[in-house]
Amino acid sequence: MASELVTACRSWVRKLSPAAFPYGRFLAALLIGTLGGWVFVRLGLPLPWMLGSMTACTLAALLRAPIAAPAAVRPPMTMVIGVMLGAGFTPQVIESATHWLPTLLGLAGFVVVSGAACVAYFRRVAGFDVPTAYFSGMPGGLVEMVIVGEDKGGDARTIALVHSARILLVVLTLPFLIWLTSGVSVGARPQFGVSVFETPWIDEVWLVATAVVGGLVGHYLRLPARLLLGPMLVSAAVHVLGWTRFVPAVEVVTVAQLVLGTTIGCRFAGLAPREIIRILVLSLGSTVILLAITFAFAAGVSRISSYDRVTLLLAYSPGGLAEMSLVALSLGIEVAFVAAHHIIRVFLVMIAAAPVFALVRPRK
């Protein structure tokens, strides 16, 4: 196990070497993403640093700009985000988990209904073959659906692009819809934490320590999304035990939003503009379906639970665990609740997608 960890670390370091990592294109992507975030800040738009950078980099990809955000840049940021999510777990939140049964039952219903609707859409409207339509329509994790979908005979590239576009469109539209329908503003300055210049140095030590230890825990336990869930579990543990009460500094979350938005937008880099537009148009239809179902379930479950519609929108919306949790942080919403529901949604899809596909796939 230790040798595997050393090998993984060495592999990651090699990916950062000048011969393997496109530093020039990555710097260009960050500059474009920063410009997009600044424009969104100036316009007073929701979640500016993530949505602005995402929009700017997607447009740059359409214009075939020389940008890139390789996967090697994600691990450190993923670990930091995991720590931030874990900071939302407090003894009070753990006590309130006993009241999550109605919302978890609603989540299970949401997964079934949204999955069936999106699979039918990609099969009937988009004309995808059965495996590609099925795993493109599942409201689960991008990596997991690509791997399983390819194994079952689906088009891995199409599945990956559809899920990337889903995350892009959901994250891009949901904050605006919350803003328009509920009057809740996801402003430029997050409603949590203070500046890194105002926090004690020990908080930064806690941040780094829990990230590193969490990464090791995730590796040794072989957790799914180990660099996210490992640090989140360790951070949650030290907060629940009362060892620390540190919260993420504003600048740390801003950088996290910027890098996330940039990497999502850069997923389309290198593709022909026609292919990008085709996938975005097809995914727009499925996004409309998903958001309509999300709003319906959030409204319904809010009537039988103690959670309001906006909180349930973030908990159910299949826009990505890290992305939706950052939106929750910006709104001052219970991050542990949102993160837990996203983890459970991805887990449900992971364990059920392949067996259900084997049952429903037409026999030759």
# chains A, B, ... in the order shown; residues from 1 in each chain; ligands from 1
call {"tool": "residues_around", "arguments": {"residues": "Gly261 (chain A)", "least_positions_apart": "4", "cutoff": "7 Å", "atoms": "only C-alpha atoms", "output": "ChimeraX atom specification"}}
result
/A:50-51,53-54,257,265
call {"tool": "select_by_dssp", "arguments": {"residues": "region 10-220 of chain A", "states": "alpha helix (DSSP H)", "output": "MDAnalysis selection string"}}
result
chainID A and resid 10:15 23:43 48:62 74:86 91:96 101:124 130:137 142:151 156:182 201:220
call {"tool": "residues_around", "arguments": {"residues": "Ala237 (chain A)", "least_positions_apart": "4", "cutoff": "12 Å", "atoms": "only C-alpha atoms", "output": "PyMOL selection string"}}
result
chain A and resi 83+85-91+94+210+213-214+230-233+241-245
call {"tool": "write_last_selection", "arguments": {"atoms": "all heavy atoms", "output": "short mmCIF file (atom, residue, chain, number, x, y, z; two decimals), in the first residue's frame"}}
result
data_model
loop_
_atom_site.label_atom_id
_atom_site.label_comp_id
_atom_site.auth_asym_id
_atom_site.auth_seq_id
_atom_site.Cartn_x
_atom_site.Cartn_y
_atom_site.Cartn_z
N VAL A 83 -11.50 19.59 2.75
CA VAL A 83 -11.34 20.15 4.09
C VAL A 83 -12.42 21.19 4.37
O VAL A 83 -13.01 21.23 5.46
CB VAL A 83 -9.94 20.78 4.26
CG1 VAL A 83 -9.82 21.51 5.59
CG2 VAL A 83 -8.86 19.70 4.17
N LEU A 85 -15.40 21.35 3.08
CA LEU A 85 -16.69 20.69 3.28
C LEU A 85 -16.76 20.06 4.67
O LEU A 85 -17.80 20.12 5.33
CB LEU A 85 -16.89 19.61 2.21
CG LEU A 85 -16.90 20.08 0.75
CD1 LEU A 85 -17.19 18.92 -0.18
CD2 LEU A 85 -17.90 21.19 0.54
N GLY A 86 -15.67 19.45 5.09
CA GLY A 86 -15.66 18.83 6.41
C GLY A 86 -15.84 19.82 7.54
O GLY A 86 -16.38 19.49 8.60
N ALA A 87 -15.41 21.08 7.31
CA ALA A 87 -15.55 22.11 8.34
C ALA A 87 -17.02 22.41 8.64
O ALA A 87 -17.34 23.00 9.68
CB ALA A 87 -14.83 23.40 7.92
N GLY A 88 -17.90 22.01 7.73
CA GLY A 88 -19.33 22.24 7.96
C GLY A 88 -19.97 21.22 8.88
O GLY A 88 -21.13 21.39 9.28
N PHE A 89 -19.26 20.16 9.22
CA PHE A 89 -19.79 19.13 10.11
C PHE A 89 -19.51 19.55 11.56
O PHE A 89 -18.37 19.61 11.99
CB PHE A 89 -19.15 17.78 9.82
CG PHE A 89 -19.63 17.13 8.56
CD1 PHE A 89 -19.12 17.52 7.32
CD2 PHE A 89 -20.59 16.14 8.59
CE1 PHE A 89 -19.56 16.94 6.15
CE2 PHE A 89 -21.04 15.55 7.42
CZ PHE A 89 -20.52 15.95 6.20
N THR A 90 -20.55 19.80 12.29
CA THR A 90 -20.45 20.17 13.70
C THR A 90 -21.29 19.21 14.52
O THR A 90 -22.13 18.47 13.97
CB THR A 90 -20.97 21.61 13.91
OG1 THR A 90 -22.37 21.64 13.57
CG2 THR A 90 -20.21 22.60 13.05
N PRO A 91 -21.10 19.18 15.84
CA PRO A 91 -21.95 18.30 16.67
C PRO A 91 -23.44 18.57 16.45
O PRO A 91 -24.25 17.64 16.46
CB PRO A 91 -21.51 18.66 18.09
CG PRO A 91 -20.09 19.11 17.94
CD PRO A 91 -20.05 19.83 16.63
N ILE A 94 -24.55 16.81 13.24
CA ILE A 94 -24.65 15.36 13.42
C ILE A 94 -25.94 15.01 14.14
O ILE A 94 -26.62 14.03 13.81
CB ILE A 94 -23.43 14.83 14.20
CG1 ILE A 94 -22.13 15.14 13.43
CG2 ILE A 94 -23.56 13.34 14.43
CD1 ILE A 94 -22.08 14.58 12.04
N THR A 210 -5.00 18.71 7.77
CA THR A 210 -6.16 17.87 7.50
C THR A 210 -6.22 17.47 6.03
O THR A 210 -6.69 16.36 5.70
CB THR A 210 -7.46 18.60 7.90
OG1 THR A 210 -7.47 19.92 7.33
CG2 THR A 210 -7.61 18.70 9.39
N VAL A 213 -3.36 14.62 5.71
CA VAL A 213 -3.77 13.40 6.41
C VAL A 213 -5.00 12.79 5.75
O VAL A 213 -5.11 11.57 5.58
CB VAL A 213 -4.05 13.70 7.90
CG1 VAL A 213 -4.62 12.48 8.60
CG2 VAL A 213 -2.78 14.15 8.59
N GLY A 214 -5.94 13.64 5.32
CA GLY A 214 -7.13 13.14 4.65
C GLY A 214 -6.81 12.45 3.34
O GLY A 214 -7.43 11.43 3.00
N GLY A 230 -11.58 11.78 1.63
CA GLY A 230 -10.62 11.58 2.71
C GLY A 230 -10.42 12.84 3.54
O GLY A 230 -10.63 12.84 4.76
N PRO A 231 -10.00 13.97 2.92
CA PRO A 231 -9.88 15.21 3.67
C PRO A 231 -11.19 15.67 4.31
O PRO A 231 -11.18 16.24 5.40
CB PRO A 231 -9.41 16.21 2.60
CG PRO A 231 -8.67 15.38 1.61
CD PRO A 231 -9.45 14.09 1.56
N MET A 232 -12.32 15.41 3.65
CA MET A 232 -13.60 15.82 4.23
C MET A 232 -13.87 15.05 5.52
O MET A 232 -14.31 15.63 6.53
CB MET A 232 -14.74 15.60 3.24
CG MET A 232 -16.08 16.15 3.73
SD MET A 232 -17.44 15.86 2.59
CE MET A 232 -17.73 14.11 2.89
N LEU A 233 -13.59 13.74 5.51
CA LEU A 233 -13.82 12.93 6.71
C LEU A 233 -12.90 13.35 7.85
O LEU A 233 -13.34 13.45 9.01
CB LEU A 233 -13.61 11.45 6.38
CG LEU A 233 -14.65 10.80 5.47
CD1 LEU A 233 -14.27 9.36 5.15
CD2 LEU A 233 -16.03 10.84 6.12
N LEU A 241 -15.14 16.57 16.97
CA LEU A 241 -14.49 16.31 18.26
C LEU A 241 -14.15 17.59 19.01
O LEU A 241 -13.72 17.54 20.17
CB LEU A 241 -13.21 15.49 18.04
CG LEU A 241 -13.42 14.05 17.55
CD1 LEU A 241 -12.08 13.40 17.20
CD2 LEU A 241 -14.15 13.22 18.61
N GLY A 242 -14.31 18.73 18.36
CA GLY A 242 -14.06 20.01 19.01
C GLY A 242 -12.60 20.39 19.10
O GLY A 242 -12.23 21.27 19.88
N TRP A 243 -11.74 19.75 18.28
CA TRP A 243 -10.32 20.07 18.33
C TRP A 243 -10.03 21.43 17.70
O TRP A 243 -9.04 22.07 18.03
CB TRP A 243 -9.51 19.00 17.59
CG TRP A 243 -9.53 17.67 18.28
CD1 TRP A 243 -10.13 17.38 19.49
CD2 TRP A 243 -8.95 16.45 17.83
NE1 TRP A 243 -9.96 16.06 19.81
CE2 TRP A 243 -9.23 15.45 18.80
CE3 TRP A 243 -8.24 16.08 16.69
CZ2 TRP A 243 -8.81 14.13 18.66
CZ3 TRP A 243 -7.81 14.77 16.55
CH2 TRP A 243 -8.10 13.82 17.53
N THR A 244 -10.86 21.85 16.78
CA THR A 244 -10.67 23.14 16.10
C THR A 244 -12.01 23.63 15.59
O THR A 244 -12.94 22.86 15.40
CB THR A 244 -9.69 23.01 14.91
OG1 THR A 244 -9.56 24.27 14.26
CG2 THR A 244 -10.19 21.99 13.92
N ARG A 245 -12.06 24.94 15.38
CA ARG A 245 -13.26 25.54 14.80
C ARG A 245 -12.92 26.39 13.59
O ARG A 245 -13.68 27.28 13.22
CB ARG A 245 -13.97 26.41 15.85
CG ARG A 245 -14.55 25.62 17.02
CD ARG A 245 -15.31 26.54 17.97
NE ARG A 245 -15.88 25.80 19.09
CZ ARG A 245 -16.59 26.36 20.07
NH1 ARG A 245 -16.78 27.68 20.07
NH2 ARG A 245 -17.08 25.63 21.04
#
call {"tool": "atom_distance", "arguments": {"atom1": "CA of Pro66 (chain A)", "atom2": "CA of Ile32 (chain A)"}}
result
10.9 Å
call {"tool": "closest_residue", "arguments": {"among": "A:Val41, A:Leu172, A:Ala133, A:Leu101", "to": "Thr58 (chain A)", "atoms": "only C-alpha atoms"}}
result
A:Leu172
call {"tool": "closest_atom_pairs", "arguments": {"of": "region 252-364 of chain A", "to": "region 154-160 of chain A", "cutoff": "12 Å", "atoms": "only C-alpha atoms", "output": "JSON lines"}}
result
{"residue": "A:Ile264", "atom": "CA", "partner": "A:Ala160", "partner_atom": "CA", "distance": 11.9}
{"residue": "A:Arg267", "atom": "CA", "partner": "A:Ala160", "partner_atom": "CA", "distance": 9.5}
{"residue": "A:Phe268", "atom": "CA", "partner": "A:Ala160", "partner_atom": "CA", "distance": 10.5}
{"residue": "A:Leu271", "atom": "CA", "partner": "A:Arg157", "partner_atom": "CA", "distance": 11.1}
{"residue": "A:Glu275", "atom": "CA", "partner": "A:Thr158", "partner_atom": "CA", "distance": 10.0}
{"residue": "A:Ile276", "atom": "CA", "partner": "A:Thr158", "partner_atom": "CA", "distance": 10.7}
{"residue": "A:Arg278", "atom": "CA", "partner": "A:Thr158", "partner_atom": "CA", "distance": 10.8}
{"residue": "A:Ile279", "atom": "CA", "partner": "A:Thr158", "partner_atom": "CA", "distance": 8.1}
{"residue": "A:Leu280", "atom": "CA", "partner": "A:Thr158", "partner_atom": "CA", "distance": 11.3}
{"residue": "A:Leu282", "atom": "CA", "partner": "A:Thr158", "partner_atom": "CA", "distance": 11.0}
{"residue": "A:Ser283", "atom": "CA", "partner": "A:Ile159", "partner_atom": "CA", "distance": 10.8}
{"residue": "A:Phe357", "atom": "CA", "partner": "A:Gly154", "partner_atom": "CA", "distance": 11.8}
call {"tool": "write_last_selection", "arguments": {"atoms": "N, CA, C and O atoms", "output": "tab-separated table (two decimals), in the first residue's frame"}}
result
chain	number	residue	atom	x	y	z
A	264	ILE	N	-13.38	23.27	-15.42
A	264	ILE	CA	-14.62	22.82	-16.08
A	264	ILE	C	-14.71	23.41	-17.48
A	264	ILE	O	-15.02	22.71	-18.45
A	267	ARG	N	-12.46	21.74	-20.11
A	267	ARG	CA	-12.73	20.38	-20.56
A	267	ARG	C	-13.09	20.33	-22.03
A	267	ARG	O	-12.98	19.28	-22.68
A	268	PHE	N	-13.53	21.45	-22.57
A	268	PHE	CA	-13.93	21.48	-23.98
A	268	PHE	C	-12.81	21.95	-24.89
A	268	PHE	O	-13.00	22.04	-26.11
A	271	LEU	N	-11.56	20.60	-28.77
A	271	LEU	CA	-12.65	20.03	-29.56
A	271	LEU	C	-13.07	21.01	-30.65
A	271	LEU	O	-12.93	22.22	-30.51
A	275	GLU	N	-18.67	20.42	-32.49
A	275	GLU	CA	-18.90	19.33	-31.55
A	275	GLU	C	-19.29	19.88	-30.18
A	275	GLU	O	-20.18	19.36	-29.51
A	276	ILE	N	-18.61	20.94	-29.75
A	276	ILE	CA	-18.92	21.56	-28.46
A	276	ILE	C	-20.36	22.07	-28.46
A	276	ILE	O	-21.13	21.83	-27.52
A	278	ARG	N	-22.85	21.17	-30.37
A	278	ARG	CA	-23.80	20.06	-30.46
A	278	ARG	C	-24.06	19.45	-29.09
A	278	ARG	O	-25.21	19.23	-28.68
A	279	ILE	N	-22.98	19.17	-28.35
A	279	ILE	CA	-23.13	18.57	-27.02
A	279	ILE	C	-23.82	19.54	-26.06
A	279	ILE	O	-24.68	19.15	-25.26
A	280	LEU	N	-23.45	20.83	-26.13
A	280	LEU	CA	-24.08	21.81	-25.25
A	280	LEU	C	-25.57	21.94	-25.52
A	280	LEU	O	-26.38	22.05	-24.60
A	282	LEU	N	-27.58	19.60	-26.88
A	282	LEU	CA	-28.24	18.38	-26.40
A	282	LEU	C	-28.33	18.37	-24.87
A	282	LEU	O	-29.35	18.01	-24.29
A	283	SER	N	-27.24	18.79	-24.23
A	283	SER	CA	-27.23	18.80	-22.76
A	283	SER	C	-28.14	19.88	-22.20
A	283	SER	O	-28.63	19.74	-21.08
A	357	PHE	N	-29.02	-1.51	-15.51
A	357	PHE	CA	-28.78	-1.54	-16.95
A	357	PHE	C	-28.86	-2.98	-17.47
A	357	PHE	O	-29.42	-3.23	-18.55
call {"tool": "residues_around", "arguments": {"residues": "Val112 (chain A)", "least_positions_apart": "6", "cutoff": "10 Å", "atoms": "only C-alpha atoms", "output": "list in words"}}
result
Met138, Pro139, Leu348 and Val349 of chain A
call {"tool": "write_last_selection", "arguments": {"atoms": "N, CA, C and O atoms", "output": "mmCIF file, in the first residue's frame"}}
result
data_model
loop_
_atom_site.group_PDB
_atom_site.id
_atom_site.type_symbol
_atom_site.label_atom_id
_atom_site.label_comp_id
_atom_site.auth_asym_id
_atom_site.auth_seq_id
_atom_site.Cartn_x
_atom_site.Cartn_y
_atom_site.Cartn_z
ATOM 1 N N MET A 138 -27.626 9.081 -16.477
ATOM 2 C CA MET A 138 -27.562 8.815 -15.042
ATOM 3 C C MET A 138 -27.050 10.043 -14.277
ATOM 4 O O MET A 138 -26.021 10.613 -14.653
ATOM 5 N N PRO A 139 -27.731 10.460 -13.204
ATOM 6 C CA PRO A 139 -27.284 11.632 -12.430
ATOM 7 C C PRO A 139 -26.181 11.277 -11.439
ATOM 8 O O PRO A 139 -26.310 11.482 -10.237
ATOM 9 N N LEU A 348 -25.579 5.955 -4.662
ATOM 10 C CA LEU A 348 -26.741 5.214 -5.151
ATOM 11 C C LEU A 348 -26.599 4.900 -6.638
ATOM 12 O O LEU A 348 -26.883 3.772 -7.081
ATOM 13 N N VAL A 349 -26.171 5.895 -7.412
ATOM 14 C CA VAL A 349 -26.021 5.691 -8.852
ATOM 15 C C VAL A 349 -24.905 4.693 -9.136
ATOM 16 O O VAL A 349 -25.043 3.808 -9.999
#
call {"tool": "residues_around", "arguments": {"residues": "Val253 (chain A)", "least_positions_apart": "4", "cutoff": "10 Å", "atoms": "only C-alpha atoms", "output": "MDAnalysis selection string"}}
result
chainID A and resid 49:50 77 80:81 84 190 192:193 248:249 257:259 326 329:330
call {"tool": "residues_around", "arguments": {"residues": "Leu30 (chain A)", "least_positions_apart": "4", "cutoff": "9 Å", "atoms": "only C-alpha atoms", "output": "PyMOL selection string"}}
result
chain A and resi 25-26+34-35+53+57+67+69+258-259+262
call {"tool": "write_last_selection", "arguments": {"atoms": "N, CA, C and O atoms", "output": "PDB file, in the first residue's frame"}}
result
ATOM      1  N   ARG A  25      -0.192  27.304 -21.496  1.00  0.00           N
ATOM      2  CA  ARG A  25      -1.634  27.242 -21.758  1.00  0.00           C
ATOM      3  C   ARG A  25      -2.445  27.278 -20.468  1.00  0.00           C
ATOM      4  O   ARG A  25      -3.547  27.826 -20.441  1.00  0.00           O
ATOM      5  N   PHE A  26      -1.888  26.701 -19.400  1.00  0.00           N
ATOM      6  CA  PHE A  26      -2.595  26.740 -18.118  1.00  0.00           C
ATOM      7  C   PHE A  26      -2.616  28.163 -17.566  1.00  0.00           C
ATOM      8  O   PHE A  26      -3.643  28.617 -17.040  1.00  0.00           O
ATOM      9  N   THR A  34      -9.690  34.401 -14.638  1.00  0.00           N
ATOM     10  CA  THR A  34      -9.666  35.537 -13.712  1.00  0.00           C
ATOM     11  C   THR A  34     -10.381  36.744 -14.312  1.00  0.00           C
ATOM     12  O   THR A  34     -11.136  37.440 -13.612  1.00  0.00           O
ATOM     13  N   LEU A  35     -10.166  36.968 -15.599  1.00  0.00           N
ATOM     14  CA  LEU A  35     -10.855  38.075 -16.271  1.00  0.00           C
ATOM     15  C   LEU A  35     -12.366  37.854 -16.249  1.00  0.00           C
ATOM     16  O   LEU A  35     -13.142  38.779 -15.979  1.00  0.00           O
ATOM     17  N   SER A  53     -15.263  32.447 -14.432  1.00  0.00           N
ATOM     18  CA  SER A  53     -14.130  31.732 -15.025  1.00  0.00           C
ATOM     19  C   SER A  53     -14.604  30.592 -15.914  1.00  0.00           C
ATOM     20  O   SER A  53     -14.034  30.327 -16.981  1.00  0.00           O
ATOM     21  N   CYS A  57     -13.751  30.560 -19.942  1.00  0.00           N
ATOM     22  CA  CYS A  57     -12.933  29.474 -20.500  1.00  0.00           C
ATOM     23  C   CYS A  57     -13.723  28.644 -21.505  1.00  0.00           C
ATOM     24  O   CYS A  57     -13.148  28.127 -22.470  1.00  0.00           O
ATOM     25  N   ILE A  67      -5.637  27.133 -24.567  1.00  0.00           N
ATOM     26  CA  ILE A  67      -5.755  27.020 -23.115  1.00  0.00           C
ATOM     27  C   ILE A  67      -5.832  25.553 -22.723  1.00  0.00           C
ATOM     28  O   ILE A  67      -6.191  24.692 -23.532  1.00  0.00           O
ATOM     29  N   ALA A  69      -6.233  23.008 -18.826  1.00  0.00           N
ATOM     30  CA  ALA A  69      -6.179  22.842 -17.373  1.00  0.00           C
ATOM     31  C   ALA A  69      -6.099  21.345 -17.098  1.00  0.00           C
ATOM     32  O   ALA A  69      -7.106  20.685 -16.832  1.00  0.00           O
ATOM     33  N   LEU A 258     -12.192  29.772  -8.570  1.00  0.00           N
ATOM     34  CA  LEU A 258     -11.518  30.134  -9.813  1.00  0.00           C
ATOM     35  C   LEU A 258     -10.950  28.913 -10.515  1.00  0.00           C
ATOM     36  O   LEU A 258     -11.143  28.719 -11.725  1.00  0.00           O
ATOM     37  N   VAL A 259     -10.250  28.057  -9.765  1.00  0.00           N
ATOM     38  CA  VAL A 259      -9.635  26.875 -10.368  1.00  0.00           C
ATOM     39  C   VAL A 259     -10.698  25.896 -10.852  1.00  0.00           C
ATOM     40  O   VAL A 259     -10.587  25.319 -11.946  1.00  0.00           O
ATOM     41  N   THR A 262     -12.306  27.268 -14.013  1.00  0.00           N
ATOM     42  CA  THR A 262     -11.364  27.192 -15.128  1.00  0.00           C
ATOM     43  C   THR A 262     -11.236  25.768 -15.657  1.00  0.00           C
ATOM     44  O   THR A 262     -11.256  25.539 -16.874  1.00  0.00           O
TER      45      THR A 262
END
